[in-house]
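Visitor: My structure is stored as structure-v1.txt, with compact mmCIF, C-alpha atoms and all ligand atoms.
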```txt
# COMPACT_ATOMS: atom_id res chain seq x y z
CA MET A 875 -33.49 83.52 -7.05
CA SER A 876 -36.91 81.91 -6.48
CA ASP A 877 -37.23 78.17 -5.92
CA PHE A 878 -40.74 78.23 -7.44
CA THR A 879 -41.02 75.53 -10.12
CA LEU A 880 -43.27 74.74 -13.07
CA GLU A 881 -44.43 71.74 -11.02
CA ASP A 882 -45.57 74.18 -8.29
CA LEU A 883 -47.50 76.18 -10.91
CA GLU A 884 -49.01 72.97 -12.32
CA THR A 885 -50.33 72.17 -8.82
CA ILE A 886 -51.84 75.68 -8.52
CA VAL A 887 -53.44 75.40 -11.98
CA ALA A 888 -55.01 72.05 -11.04
CA ALA A 889 -56.40 73.45 -7.77
CA ARG A 890 -57.72 76.67 -9.34
CA SER A 891 -59.26 74.81 -12.28
CA ARG A 892 -61.34 72.77 -9.82
CA SER A 893 -62.28 75.81 -7.73
CA GLY A 894 -65.00 77.21 -9.99
CA ASP A 895 -64.07 80.56 -8.39
CA ALA A 896 -65.57 83.39 -10.44
CA ALA A 897 -62.45 85.46 -9.68
CA SER A 898 -60.13 82.76 -11.06
CA TYR A 899 -58.70 83.29 -14.55
CA THR A 900 -57.70 79.62 -14.60
CA ALA A 901 -61.29 78.55 -13.89
CA THR A 902 -62.44 80.93 -16.67
CA LEU A 903 -60.07 79.24 -19.15
CA MET A 904 -61.41 75.84 -18.03
CA ARG A 905 -64.96 76.98 -18.76
CA LYS A 906 -64.01 78.43 -22.15
CA GLY A 907 -62.23 75.20 -23.09
CA ILE A 908 -59.42 73.90 -25.24
CA GLY A 909 -60.07 76.01 -28.38
CA HIS A 910 -60.08 79.31 -26.46
CA THR A 911 -57.07 78.36 -24.32
CA ALA A 912 -55.11 77.20 -27.37
CA LYS A 913 -55.86 80.55 -29.03
CA LYS A 914 -54.65 82.41 -25.93
CA LEU A 915 -51.47 80.31 -25.96
CA GLY A 916 -50.91 81.31 -29.59
CA GLU A 917 -51.40 84.99 -28.72
CA GLU A 918 -48.92 84.70 -25.86
CA ALA A 919 -46.43 83.01 -28.20
CA VAL A 920 -46.74 85.92 -30.65
CA GLU A 921 -46.34 88.44 -27.81
CA THR A 922 -43.22 86.54 -26.68
CA ILE A 923 -41.81 86.73 -30.21
CA ILE A 924 -42.49 90.48 -30.37
CA ALA A 925 -40.83 90.97 -26.97
CA ALA A 926 -37.79 88.96 -28.10
CA THR A 927 -37.38 90.84 -31.36
CA SER A 928 -38.30 94.41 -30.43
CA GLU A 929 -38.72 94.87 -26.68
CA ASP A 930 -36.57 94.62 -23.58
CA ALA A 931 -35.62 91.73 -21.30
CA ALA A 932 -38.30 92.62 -18.74
CA ARG A 933 -41.03 92.36 -21.40
CA LEU A 934 -39.59 89.06 -22.65
CA THR A 935 -39.57 87.73 -19.09
CA SER A 936 -43.20 88.78 -18.53
CA GLU A 937 -44.46 87.40 -21.85
CA SER A 938 -42.54 84.14 -21.29
CA ALA A 939 -44.31 83.77 -17.92
CA ASP A 940 -47.70 84.30 -19.63
CA LEU A 941 -46.72 81.72 -22.28
CA LEU A 942 -45.65 79.04 -19.78
CA TYR A 943 -48.76 79.60 -17.62
CA HIS A 944 -51.10 79.20 -20.62
CA LEU A 945 -49.20 76.09 -21.77
CA LEU A 946 -49.69 74.53 -18.33
CA VAL A 947 -53.42 75.33 -18.45
CA LEU A 948 -53.71 73.76 -21.92
CA LEU A 949 -51.80 70.65 -20.79
CA HIS A 950 -54.15 70.40 -17.80
CA LEU A 951 -57.20 70.68 -20.06
CA LYS A 952 -55.79 67.90 -22.26
CA GLN A 953 -54.87 65.83 -19.18
CA VAL A 954 -51.20 65.73 -20.16
CA PRO A 955 -49.05 65.93 -17.00
CA LEU A 956 -46.00 68.20 -17.01
CA SER A 957 -44.01 65.10 -15.98
CA ALA A 958 -44.78 63.58 -19.41
CA VAL A 959 -43.35 66.65 -21.15
CA MET A 960 -40.29 66.57 -18.86
CA ALA A 961 -39.82 62.85 -19.58
CA GLU A 962 -39.90 63.60 -23.31
CA LEU A 963 -37.31 66.37 -22.85
CA ALA A 964 -35.18 64.01 -20.75
CA ARG A 965 -35.39 61.33 -23.46
CA ARG A 966 -34.14 63.86 -26.00
CA THR A 967 -30.99 64.65 -24.00
CA ALA A 968 -29.50 61.40 -25.36
CA GLN A 969 -29.13 62.99 -28.81
CA THR A 970 -28.62 66.31 -30.54
CA GLY A 971 -31.61 68.39 -31.60
CA LEU A 972 -31.02 67.66 -35.29
CA GLU A 973 -30.74 63.90 -34.63
CA GLU A 974 -34.00 64.04 -32.66
CA LYS A 975 -35.72 65.90 -35.52
CA ALA A 976 -34.50 63.35 -38.07
CA GLY A 977 -36.08 60.56 -35.99
CA ARG A 978 -39.53 62.18 -35.82
CA PRO A 979 -42.43 60.69 -37.80
CA LYS A 980 -43.14 62.72 -40.96
CA GLN A 981 -45.92 65.31 -40.46
CA ALA A 982 -48.16 66.79 -43.17
CA GLY A 983 -46.36 69.85 -44.55
CA ASP A 984 -42.83 68.58 -43.79
N1 LIG B 1001 -49.27 82.72 -13.68
C1 LIG B 1001 -50.43 83.10 -13.88
C2 LIG B 1001 -50.75 83.93 -14.99
N2 LIG B 1001 -49.98 84.46 -15.96
C3 LIG B 1001 -50.81 85.17 -16.75
N3 LIG B 1001 -52.07 85.13 -16.27
C4 LIG B 1001 -53.25 85.81 -16.79
O1 LIG B 1001 -53.30 85.60 -18.18
C5 LIG B 1001 -54.01 86.69 -18.80
C6 LIG B 1001 -53.23 87.02 -20.04
O2 LIG B 1001 -53.24 88.31 -20.36
P1 LIG B 1001 -54.20 88.93 -21.47
O3 LIG B 1001 -53.82 90.36 -21.49
O4 LIG B 1001 -54.13 88.18 -22.73
O5 LIG B 1001 -55.54 88.60 -20.72
P2 LIG B 1001 -56.96 89.14 -20.83
O6 LIG B 1001 -57.01 90.25 -21.79
O7 LIG B 1001 -57.43 89.38 -19.43
O8 LIG B 1001 -57.67 87.83 -21.41
P3 LIG B 1001 -58.83 87.71 -22.44
O9 LIG B 1001 -59.97 88.47 -21.85
O10 LIG B 1001 -58.29 88.22 -23.74
O11 LIG B 1001 -59.08 86.21 -22.48
C7 LIG B 1001 -54.14 87.78 -17.74
O12 LIG B 1001 -55.44 87.80 -17.24
C8 LIG B 1001 -53.17 87.32 -16.65
O13 LIG B 1001 -53.55 87.70 -15.35
C9 LIG B 1001 -52.07 84.36 -15.18
N4 LIG B 1001 -53.09 83.96 -14.36
C10 LIG B 1001 -52.77 83.16 -13.32
N5 LIG B 1001 -51.49 82.72 -13.05
C11 LIG B 1001 -51.20 81.85 -11.89
O14 LIG B 1001 -52.35 81.13 -11.55
C12 LIG B 1001 -52.69 81.40 -10.18
C13 LIG B 1001 -54.17 81.30 -10.01
O15 LIG B 1001 -54.79 82.34 -10.73
P4 LIG B 1001 -56.38 82.42 -10.75
O16 LIG B 1001 -56.85 81.18 -11.43
O17 LIG B 1001 -56.70 83.69 -11.54
O18 LIG B 1001 -56.81 82.49 -9.33
C14 LIG B 1001 -52.12 82.77 -9.89
O19 LIG B 1001 -51.95 82.98 -8.50
C15 LIG B 1001 -50.81 82.64 -10.64
O20 LIG B 1001 -49.91 81.85 -9.87
```
Have the structure of the file written as structure tokens, please.
Guide:
Amino acid sequence: MSDFTLEDLETIVAARSRSGDAASYTATLMRKGIGHTAKKLGEEAVETIIAATSEDAARLTSESADLLYHLLVLLHLKQVPLSAVMAELARRTAQTGLEEKAGRPKQAGD
């Protein structure tokens, strides 16, 4: 079992995004911006769904890793620290998922 954490990956993403290294995929996403990275995140989400519904556990593991990496890059681009997301998840542990949903502000389309 690895002790590598999402916080470790967030640190790598921050360093590689600053590197400007032509060989860095992270730096490429930074250059292409929020719209492109958000689209990639959506593609990885779809690939994760396909893996979950019609492929094996190894594919689901791989696609989930792609999904989490792209989410961290998008959060970095939007200057939202992973700690803010973790704090939100921690806040939600005080209630059930359905209670949390009932307390959300109404969104268009709800
Ligand atoms: N965890 C990841 C990671 N997961 C997925 N990917 C990349 O995400 C891409 C997703 O796959 P696709 O098939 O959609 O990619 P693609 O076809 O090359 O992309 P497009 O041309 O369609 O944009 C691949 O290029 C993967 O290599 C990642 N790239 C980087 N990391 C981490 O970030 C670190 C720094 O990477 P660089 O910034 O590349 O140095 C690495 O050491 C890793 O720790």
Visitor: Enumerate residues in contact with ligand LIG 1001 (chain B): an atom-to-atom distance of at most 8 Å, counting all atoms listed in the file. Format the result as a list in words.
Guide: Leu883, Ile886, Val887, Arg890, Ser891, Asp895, Ala897, Ser898, Tyr899, Thr900, Ala901, Thr902, Leu903, Lys914, Glu917, Glu918, Ala939, Asp940, Leu941, Leu942, Tyr943 and His944 of chain A
Visitor: Nearest residue to A:Ser893 out of A:Ser938, A:Arg905, A:Ile924, A:Thr967, using all atoms listed in the file?
Guide: A:Arg905
Visitor: Quick check, in Å to one decimal: how far apart do atom CA of A:Pro955 and atom CA of A:Lys975 lie?
Guide: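 Separating atom CA of A:Pro955 from atom CA of A:Lys975 is a distance of 22.8 Å.
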Visitor: So how many Å separate atom CA of A:Glu884 and atom CA of A:Gln981, to one decimal?
Guide: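 Interatomic distance here is 29.3 Å.
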Visitor: Quick one: residues within 7 Å of A:Leu934, all atoms listed in the file, excluding same-chain residues fewer than 5 positions away - as a PyMOL selection string?
Guide: chain A and resi 922+925-926
Visitor: Which centre and which edge lengths, in Å to one decimal, describe the axis-aligned box that holds all listed atoms of stretch 916-930 of chain A after 5 Å is added on each side, as AutoDock Vina command-line options?
Guide:
```
--center_x -44.0 --center_y 88.1 --center_z -27.5 --size_x 24.8 --size_y 23.6 --size_z 17.8
```
Visitor: If I take atom CA of A:Leu948 and atom CA of A:His910, how far is one from the other in Å, to one decimal?
Guide: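 Separation of atom CA of A:Leu948 and atom CA of A:His910: 9.6 Å.
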Visitor: Counting only C-alpha atoms, which of A:Thr911, A:Thr935, A:Thr879, A:Thr927 gets nearest to A:Leu956?
Guide: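 Selected residue with least distance to A:Leu956: A:Thr879.
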Visitor: Using all atoms listed in the file, can you tell me which of A:Asp930, A:Val959, A:His950, A:Leu945 comes closest to A:Ala889?
Guide: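 Distance minimum relative to A:Ala889 lands on A:His950.
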Visitor: Counting only C-alpha atoms, which residue out of A:Ala932, A:Leu951, A:Leu880, A:Ala888 sits closest to A:Met904?
Guide: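 When distances to A:Met904 are compared using only C-alpha atoms, the smallest one comes from A:Leu951.
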Visitor: Rank nothing, just name the residue among A:Ala931, A:Leu949, A:Ala896, A:Ala982 nearest to A:Leu915, using all atoms listed in the file.
Guide: A:Leu949
